[in-house]
Every structure is written in C-alpha cells, then in structure tokens.
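Participant: Before we start, here is the structure in question, set down as structure tokens.
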Amino acid sequence: MKIALDPAMLHGKPVEYAARATAEAGYRYLEMGNRDDFIPANGPMYATAEQLRGFRDAANGSGVDIVSVAVIQAWSSPDEDVRKQAVAWWRDGIAAAVELGCRRVNTELSGHPDQPEACRAAFLRSMEDLLPVLEREDVELVVEPHPWDFIETTAGALDLIKEVGSPRLRYLHCVPHAYHLEGTVTEQVELARGKFDHVHVADTFRPGRTIVNPPGVECRIHQHFDLGRGELDWAEVRRALAAVEFDGILTVQVFGWEDEAEKSFRTNREAVDQLFGLNGGQSLS
C-alpha cells in the first residue's frame, strides 16, 4: 500500500517546500491538491510548464513520487458556457498531471444537490469530451462523492461510474465523508469492493455535534481532522479495508492546522502505521 500525503496545509509556503516537508514527515508518496498558486480549483491553470517540471524535480530529488493530482472544475454545471470552460480547464489540468509525471487525477463531481438530473447530464457530456483525452494521455480518473454535491453517497457515485462505463473512471473512498455516504463504513467499502484503489483518510465529528446558526439552515457538515481527534471508528475502517484486501493509495488529507502542519503530517503518519497495522508500510494485515 502506498501511504501518501496531501500537503495542502502548506499552501502559504513555496510549492517546492511541500515536497521536502512530505519526505521529512516520512512519506514516500505525495498527492498534489489544489493550490491557487499552482493548479487552482475552479479557475485557469496558474503554473507554467517550467514550474510544473520544477516541482516534479523537487519531489523526485526529495525521494517522493507524485501519485495523484487534484483537478476540480465546474464540469457538472447545467450552464453550458460554464461547463465548456470547465472542460477546457480540465484539459489543462490533465496536461499538468502528465507534466508532473503522474497518470492519476482525483476529483469531485462539482455539482449541486438541488439540480441532480441537470448536473448528471452535464457531467456525462463532460466525460464524453474528456475520455478521449484521458485515453490518449493514459491517465486514470478517480472521483469521490462529496457532501453538498449532486451525488453524495457511495451507491450513487458507483451507479454514475457504471453508467459512464469506462475503465478510466473509478471511485475514490473519502473516509471523513463517512457520515454522508449512507450506511456504515463497512457497508460503504464492501459496496465499492473491486471498484476503488484510492482512499482519503482524516477524522471528523458526527454532523449533529456541530452547532449551526441560524437553526435549520441547509448545509453539510464534515471535517478533515487529525486521526483520533474526531469520532470515526478507526478499528472499523481498518477492518473494512482489510476485508476487501485494499492495497492501493491511502492519502492523509487533513485541513485546518496550518500553524502546526508539519507536526500534523508526522503524527498522522504514525497514526496510520499504528491504526492500520501496516507491515513494512506495504500492506494491511
């Protein structure tokens, strides 16, 4: 199993610093999340080809492999002009991943729960546009259902992926979304058996623990805490992944502690080793 880090909490430091910090925290693999000064979400590419190659070289020089790159654009927008622009920016994102030496892109559906059918149709049109690019560049795409999206559940995401019917598109299981994915973690992971090889880990509270004002406002609450700071049953998570013989990419994706980011990276690496019973960092036992 590849234990990766999303160093998003270092967004205030140079991108090359993130590569060094990843290695120093004990990770051999890096998942490059969105950064406004590198590969932004919902906007045009910022990094030049030279900057992309510089980051790739910095990562390789630190002994870190870039295993996934996040590309998030409004490709499920029912507004056709917005969708077409998002697809154009998607093409740039795929090209950036290739420039970084990475053949995996992770993403969200980026729609709206109040317009599920219109967003679904827009997503399918975008996939028609992008599948030839993914095939030509030999890039695979892993998508996670996200709270407050037009699909928020494991079952719904798997149905959509089945409808697309391409081996280029697979499921990503985000553990801190567990309380929104329907069912237990065990049921979610079992349902996705054989259809995923990428997991995001972070902790979260049950949504009802958070006070929201004004009362009754419609929202989706989840967090990306350090492992052990929330309420997830990590023994269940470990058993569920072991039961499906998970042996893919497991990314630590914690947000919100920028003032102690590098400490968080180290403690979560230790928590992963302990909680998941890693054998030499390679497999679940």
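Ligands are numbered from 1 in the order shown, chains are lettered A, B, ... in the order of the structure tokens, and residues start at 1 in each chain.
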Per DSSP on the backbone, filter segment 34-278 of chain A down to the residues in strand (DSSP E or B) and report them as a VMD selection string.
Facilitator: chain A and resid 65 to 70 104 to 108 140 to 144 169 to 174 196 to 201 203 225 249 to 252 278
Participant: Considering only helix (DSSP H, G or I) as DSSP defines it on the backbone, what residues of segment 67-266 of chain A qualify? List them as a PyMOL selection string.
Facilitator: chain A and resi 80-99+116-137+154-164+175-180+185-191+207-209+234-243+258-266
Participant: Kindly indicate which residue among A:Ala122, A:Ala157, A:Val237, A:Leu275 lies nearest to Val82 of chain A, using only C-alpha atoms for the distances.
Facilitator: A:Ala122
Participant: Considering only C-alpha atoms, return as a list in words whatever protein or nucleic-acid residues lie within 8 Å of Gly93 of chain A, sequence-local ones (same chain, fewer than 6 positions apart) excluded.
Facilitator: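 So the residues in contact are Ile39, Met45 and Val71 of chain A.
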Participant: Dump as a tab-separated table the rows for residues of segment 12-131 of chain A within 12 Å of segment 179-202 of chain A: closest atom pair and distance in Å with one decimal, only C-alpha atoms counted, ordered by chain and rising residue number.
Facilitator:
residue	atom	partner	partner_atom	distance
A:Glu31	CA	A:His200	CA	10.2
A:Gly33	CA	A:His200	CA	11.9
A:Val67	CA	A:His198	CA	10.4
A:Ser68	CA	A:His198	CA	9.7
A:Arg104	CA	A:His198	CA	10.3
A:Val105	CA	A:His198	CA	10.9
A:Asn106	CA	A:His198	CA	9.1
A:Thr107	CA	A:His198	CA	11.6
Participant: For the residues in that selection, give me all heavy atoms as a short mmCIF file (atom, residue, chain, number, x, y, z; two decimals), in the first residue's frame.
Facilitator:
data_model
loop_
_atom_site.label_atom_id
_atom_site.label_comp_id
_atom_site.auth_asym_id
_atom_site.auth_seq_id
_atom_site.Cartn_x
_atom_site.Cartn_y
_atom_site.Cartn_z
N GLU A 31 0.25 13.42 -2.83
CA GLU A 31 -0.94 13.73 -3.63
C GLU A 31 -1.04 15.24 -3.71
O GLU A 31 -1.19 15.92 -2.69
CB GLU A 31 -2.18 13.13 -2.98
CG GLU A 31 -3.46 13.45 -3.75
CD GLU A 31 -4.66 12.69 -3.22
OE1 GLU A 31 -4.53 11.46 -2.97
OE2 GLU A 31 -5.71 13.32 -3.04
N GLY A 33 -2.80 18.40 -4.03
CA GLY A 33 -4.11 19.02 -4.01
C GLY A 33 -4.07 20.37 -4.70
O GLY A 33 -3.04 20.84 -5.17
N VAL A 67 1.81 10.72 -6.81
CA VAL A 67 0.93 9.61 -7.21
C VAL A 67 -0.46 10.07 -7.65
O VAL A 67 -1.20 9.28 -8.25
CB VAL A 67 0.79 8.57 -6.08
CG1 VAL A 67 2.10 7.87 -5.83
CG2 VAL A 67 0.24 9.19 -4.81
N SER A 68 -0.83 11.31 -7.34
CA SER A 68 -2.14 11.80 -7.74
C SER A 68 -2.13 13.32 -7.75
O SER A 68 -1.42 13.95 -6.97
CB SER A 68 -3.23 11.29 -6.79
OG SER A 68 -4.51 11.55 -7.31
N ARG A 104 -2.52 9.77 -12.62
CA ARG A 104 -3.78 9.67 -11.87
C ARG A 104 -4.23 11.07 -11.46
O ARG A 104 -3.47 11.86 -10.91
CB ARG A 104 -3.62 8.82 -10.62
CG ARG A 104 -4.82 8.88 -9.68
CD ARG A 104 -4.79 7.82 -8.62
NE ARG A 104 -4.89 6.50 -9.21
CZ ARG A 104 -5.49 5.46 -8.63
NH1 ARG A 104 -6.04 5.60 -7.45
NH2 ARG A 104 -5.53 4.30 -9.22
N VAL A 105 -5.52 11.34 -11.72
CA VAL A 105 -6.15 12.59 -11.30
C VAL A 105 -7.31 12.25 -10.37
O VAL A 105 -8.11 11.37 -10.68
CB VAL A 105 -6.66 13.39 -12.52
CG1 VAL A 105 -7.48 14.59 -12.07
CG2 VAL A 105 -5.49 13.83 -13.39
N ASN A 106 -7.38 12.93 -9.23
CA ASN A 106 -8.53 12.76 -8.33
C ASN A 106 -9.38 14.01 -8.36
O ASN A 106 -8.88 15.12 -8.55
CB ASN A 106 -8.07 12.43 -6.91
CG ASN A 106 -7.15 13.47 -6.31
OD1 ASN A 106 -5.98 13.54 -6.65
ND2 ASN A 106 -7.67 14.28 -5.39
N THR A 107 -10.70 13.81 -8.17
CA THR A 107 -11.61 14.94 -8.38
C THR A 107 -12.91 14.76 -7.63
O THR A 107 -13.14 13.74 -6.96
CB THR A 107 -11.88 15.12 -9.89
OG1 THR A 107 -12.55 16.37 -10.11
CG2 THR A 107 -12.72 13.98 -10.44
#
Participant: In Å, with one decimal, what is the gap from atom CA of Phe225 of chain A to atom CA of Gly256 of chain A?
Facilitator: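 Atom CA of Gly256 of chain A lies at a distance of 7.6 Å from atom CA of Phe225 of chain A.
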Participant: If we count only C-alpha atoms and set the cut-off at 9 Å, which residues sit around Val254 of chain A, ignoring sequence neighbours fewer than 4 positions away in its own chain? Please answer as a list in words.
Facilitator: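 Selected residues are Leu5, Asp6, Pro7, Ala8, Met9, Val201, Ala202, Asp203, Gln223, His224, Phe225, Asp226, Leu227, Ala261, Ser264, Phe265 and Asn268 of chain A.
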Participant: Can you tell me, as a list in words, what residues are no more than 9 Å from segment 36-38 of chain A when counting only C-alpha atoms, ignoring any on the same chain fewer than 4 positions away?
Facilitator: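 My list of contacting residues is His11, Val15, Gly43, Met45, Tyr46, Ala47, Thr48, Gln51 and Leu52 of chain A.
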Participant: Would you mind telling me which residue in A:Val252, A:Ala59, A:Val175, A:Leu134 lies nearest to Tyr17 of chain A when using only C-alpha atoms?
Facilitator: A:Ala59
Participant: Quick check, in Å to one decimal: how far apart do atom CA of Ala95 of chain A and atom CA of Asn34 of chain A lie?
Facilitator: 14.8 Å
Participant: When you count only C-alpha atoms, which of these residues is closest to Arg91 of chain A: A:Leu130, A:Ala19, A:Ala155, A:Ala121?
Facilitator: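 The closest residue to Arg91 of chain A is A:Leu130.
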Participant: List the spatial neighbours of segment 144-152 of chain A as an mmCIF file with all heavy atoms, in the first residue's frame - criterion: any atom at most 7 Å away, only C-alpha atoms, same-chain residues fewer than 4 positions off excluded.
Facilitator:
data_model
loop_
_atom_site.group_PDB
_atom_site.id
_atom_site.type_symbol
_atom_site.label_atom_id
_atom_site.label_comp_id
_atom_site.auth_asym_id
_atom_site.auth_seq_id
_atom_site.Cartn_x
_atom_site.Cartn_y
_atom_site.Cartn_z
ATOM 1 N N THR A 107 -10.699 13.812 -8.168
ATOM 2 C CA THR A 107 -11.611 14.942 -8.379
ATOM 3 C C THR A 107 -12.913 14.757 -7.633
ATOM 4 O O THR A 107 -13.141 13.737 -6.962
ATOM 5 C CB THR A 107 -11.884 15.122 -9.890
ATOM 6 O OG1 THR A 107 -12.550 16.367 -10.108
ATOM 7 C CG2 THR A 107 -12.716 13.981 -10.439
ATOM 8 N N GLU A 108 -13.769 15.771 -7.749
ATOM 9 C CA GLU A 108 -15.125 15.764 -7.216
ATOM 10 C C GLU A 108 -16.105 15.948 -8.374
ATOM 11 O O GLU A 108 -15.715 16.369 -9.460
ATOM 12 C CB GLU A 108 -15.294 16.897 -6.203
ATOM 13 C CG GLU A 108 -14.339 16.804 -5.019
ATOM 14 C CD GLU A 108 -14.345 18.054 -4.150
ATOM 15 O OE1 GLU A 108 -15.192 18.956 -4.392
ATOM 16 O OE2 GLU A 108 -13.510 18.146 -3.238
ATOM 17 N N LEU A 109 -17.370 15.658 -8.118
ATOM 18 C CA LEU A 109 -18.371 15.801 -9.169
ATOM 19 C C LEU A 109 -18.699 17.265 -9.437
ATOM 20 O O LEU A 109 -19.061 17.628 -10.545
ATOM 21 C CB LEU A 109 -19.639 15.037 -8.790
ATOM 22 C CG LEU A 109 -19.446 13.515 -8.713
ATOM 23 C CD1 LEU A 109 -20.650 12.855 -8.062
ATOM 24 C CD2 LEU A 109 -19.182 12.937 -10.087
ATOM 25 N N SER A 110 -18.604 18.112 -8.400
ATOM 26 C CA SER A 110 -18.716 19.574 -8.553
ATOM 27 C C SER A 110 -20.051 20.016 -9.136
ATOM 28 O O SER A 110 -20.107 20.856 -10.040
ATOM 29 C CB SER A 110 -17.561 20.106 -9.405
ATOM 30 O OG SER A 110 -16.328 19.826 -8.786
ATOM 31 N N GLY A 111 -21.128 19.446 -8.587
ATOM 32 C CA GLY A 111 -22.461 19.872 -8.980
ATOM 33 C C GLY A 111 -23.211 20.450 -7.797
ATOM 34 O O GLY A 111 -22.607 20.943 -6.848
ATOM 35 N N HIS A 112 -24.539 20.369 -7.829
ATOM 36 C CA HIS A 112 -25.373 20.968 -6.779
ATOM 37 C C HIS A 112 -26.514 20.013 -6.455
ATOM 38 O O HIS A 112 -27.181 19.491 -7.359
ATOM 39 C CB HIS A 112 -25.929 22.319 -7.263
ATOM 40 C CG HIS A 112 -26.481 23.165 -6.163
ATOM 41 N ND1 HIS A 112 -27.696 22.915 -5.569
ATOM 42 C CD2 HIS A 112 -25.971 24.257 -5.531
ATOM 43 C CE1 HIS A 112 -27.936 23.811 -4.630
ATOM 44 N NE2 HIS A 112 -26.904 24.648 -4.591
ATOM 45 N N PRO A 113 -26.776 19.773 -5.154
ATOM 46 C CA PRO A 113 -27.809 18.791 -4.786
ATOM 47 C C PRO A 113 -29.219 19.188 -5.194
ATOM 48 O O PRO A 113 -30.098 18.323 -5.262
ATOM 49 C CB PRO A 113 -27.680 18.708 -3.253
ATOM 50 C CG PRO A 113 -27.050 19.988 -2.841
ATOM 51 C CD PRO A 113 -26.126 20.355 -3.965
ATOM 52 N N GLN A 115 -30.016 20.309 -8.116
ATOM 53 C CA GLN A 115 -30.178 20.104 -9.556
ATOM 54 C C GLN A 115 -29.541 18.775 -9.988
ATOM 55 O O GLN A 115 -28.704 18.735 -10.884
ATOM 56 C CB GLN A 115 -29.530 21.250 -10.334
ATOM 57 C CG GLN A 115 -30.127 22.619 -10.050
ATOM 58 C CD GLN A 115 -29.389 23.717 -10.797
ATOM 59 O OE1 GLN A 115 -28.267 24.084 -10.457
ATOM 60 N NE2 GLN A 115 -30.022 24.246 -11.837
ATOM 61 N N PRO A 116 -29.939 17.676 -9.352
ATOM 62 C CA PRO A 116 -29.239 16.416 -9.608
ATOM 63 C C PRO A 116 -29.307 15.926 -11.049
ATOM 64 O O PRO A 116 -28.303 15.467 -11.594
ATOM 65 C CB PRO A 116 -29.924 15.434 -8.651
ATOM 66 C CG PRO A 116 -31.257 16.043 -8.361
ATOM 67 C CD PRO A 116 -31.031 17.525 -8.374
ATOM 68 N N CYS A 119 -27.292 18.311 -13.410
ATOM 69 C CA CYS A 119 -25.853 18.149 -13.168
ATOM 70 C C CYS A 119 -25.347 16.811 -13.694
ATOM 71 O O CYS A 119 -24.244 16.729 -14.247
ATOM 72 C CB CYS A 119 -25.554 18.268 -11.673
ATOM 73 S SG CYS A 119 -25.722 19.945 -11.011
ATOM 74 N N GLY A 156 -24.631 6.050 -5.056
ATOM 75 C CA GLY A 156 -24.915 6.941 -6.172
ATOM 76 C C GLY A 156 -23.714 7.153 -7.065
ATOM 77 O O GLY A 156 -23.834 7.181 -8.297
ATOM 78 N N ALA A 157 -22.539 7.316 -6.454
ATOM 79 C CA ALA A 157 -21.318 7.510 -7.244
ATOM 80 C C ALA A 157 -20.998 6.266 -8.062
ATOM 81 O O ALA A 157 -20.608 6.360 -9.232
ATOM 82 C CB ALA A 157 -20.160 7.862 -6.324
ATOM 83 N N TYR A 171 -13.794 4.885 -8.535
ATOM 84 C CA TYR A 171 -14.301 5.504 -7.301
ATOM 85 C C TYR A 171 -13.150 5.799 -6.349
ATOM 86 O O TYR A 171 -12.171 5.041 -6.268
ATOM 87 C CB TYR A 171 -15.277 4.518 -6.655
ATOM 88 C CG TYR A 171 -15.795 4.887 -5.285
ATOM 89 C CD1 TYR A 171 -16.750 5.890 -5.123
ATOM 90 C CD2 TYR A 171 -15.364 4.207 -4.150
ATOM 91 C CE1 TYR A 171 -17.248 6.208 -3.869
ATOM 92 C CE2 TYR A 171 -15.862 4.516 -2.892
ATOM 93 C CZ TYR A 171 -16.803 5.513 -2.751
ATOM 94 O OH TYR A 171 -17.295 5.824 -1.509
ATOM 95 N N LEU A 172 -13.272 6.914 -5.608
ATOM 96 C CA LEU A 172 -12.351 7.244 -4.526
ATOM 97 C C LEU A 172 -13.159 7.280 -3.234
ATOM 98 O O LEU A 172 -14.180 7.978 -3.151
ATOM 99 C CB LEU A 172 -11.696 8.611 -4.769
ATOM 100 C CG LEU A 172 -10.553 9.028 -3.826
ATOM 101 C CD1 LEU A 172 -9.673 10.079 -4.510
ATOM 102 C CD2 LEU A 172 -11.049 9.595 -2.502
ATOM 103 N N HIS A 173 -12.710 6.546 -2.221
ATOM 104 C CA HIS A 173 -13.442 6.499 -0.949
ATOM 105 C C HIS A 173 -12.812 7.467 0.039
ATOM 106 O O HIS A 173 -11.659 7.301 0.449
ATOM 107 C CB HIS A 173 -13.437 5.086 -0.356
ATOM 108 C CG HIS A 173 -14.324 4.974 0.841
ATOM 109 N ND1 HIS A 173 -15.694 5.038 0.751
ATOM 110 C CD2 HIS A 173 -14.036 4.854 2.159
ATOM 111 C CE1 HIS A 173 -16.220 4.935 1.946
ATOM 112 N NE2 HIS A 173 -15.243 4.826 2.831
ATOM 113 N N CYS A 174 -13.584 8.497 0.413
ATOM 114 C CA CYS A 174 -13.115 9.521 1.345
ATOM 115 C C CYS A 174 -13.698 9.230 2.728
ATOM 116 O O CYS A 174 -14.893 9.454 2.966
ATOM 117 C CB CYS A 174 -13.508 10.901 0.849
ATOM 118 S SG CYS A 174 -12.756 12.248 1.801
ATOM 119 N N HIS A 177 -15.903 11.614 4.845
ATOM 120 C CA HIS A 177 -17.254 11.834 4.336
ATOM 121 C C HIS A 177 -18.215 10.750 4.817
ATOM 122 O O HIS A 177 -19.378 10.716 4.403
ATOM 123 C CB HIS A 177 -17.265 11.837 2.804
ATOM 124 C CG HIS A 177 -16.469 12.933 2.186
ATOM 125 N ND1 HIS A 177 -16.216 12.995 0.825
ATOM 126 C CD2 HIS A 177 -15.836 14.013 2.717
ATOM 127 C CE1 HIS A 177 -15.485 14.056 0.553
ATOM 128 N NE2 HIS A 177 -15.239 14.693 1.688
ATOM 129 N N HIS A 180 -21.968 10.980 5.516
ATOM 130 C CA HIS A 180 -22.833 11.446 4.428
ATOM 131 C C HIS A 180 -22.971 10.407 3.310
ATOM 132 O O HIS A 180 -23.751 10.628 2.380
ATOM 133 C CB HIS A 180 -22.286 12.748 3.837
ATOM 134 C CG HIS A 180 -22.220 13.872 4.816
ATOM 135 N ND1 HIS A 180 -23.317 14.641 5.141
ATOM 136 C CD2 HIS A 180 -21.197 14.343 5.567
ATOM 137 C CE1 HIS A 180 -22.969 15.554 6.037
ATOM 138 N NE2 HIS A 180 -21.696 15.395 6.307
ATOM 139 N N LEU A 181 -22.229 9.316 3.375
ATOM 140 C CA LEU A 181 -22.173 8.369 2.260
ATOM 141 C C LEU A 181 -23.239 7.281 2.319
ATOM 142 O O LEU A 181 -23.337 6.472 1.398
ATOM 143 C CB LEU A 181 -20.778 7.716 2.205
ATOM 144 C CG LEU A 181 -19.616 8.653 1.884
ATOM 145 C CD1 LEU A 181 -18.283 7.899 1.969
ATOM 146 C CD2 LEU A 181 -19.782 9.287 0.507
ATOM 147 N N ARG A 220 -24.105 20.917 4.766
ATOM 148 C CA ARG A 220 -23.479 19.618 5.006
ATOM 149 C C ARG A 220 -22.224 19.860 5.829
ATOM 150 O O ARG A 220 -21.358 20.649 5.422
ATOM 151 C CB ARG A 220 -23.108 18.931 3.698
ATOM 152 C CG ARG A 220 -24.242 18.769 2.715
ATOM 153 C CD ARG A 220 -25.272 17.740 3.170
ATOM 154 N NE ARG A 220 -26.187 17.453 2.076
ATOM 155 C CZ ARG A 220 -27.309 18.128 1.825
ATOM 156 N NH1 ARG A 220 -27.645 19.145 2.609
ATOM 157 N NH2 ARG A 220 -28.084 17.800 0.806
#
Participant: Atom CA of Val217 of chain A to atom CA of Leu232 of chain A: how many Å, to one decimal?
Facilitator: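 Computing the Euclidean distance for atom CA of Val217 of chain A and atom CA of Leu232 of chain A yields 24.6 Å.
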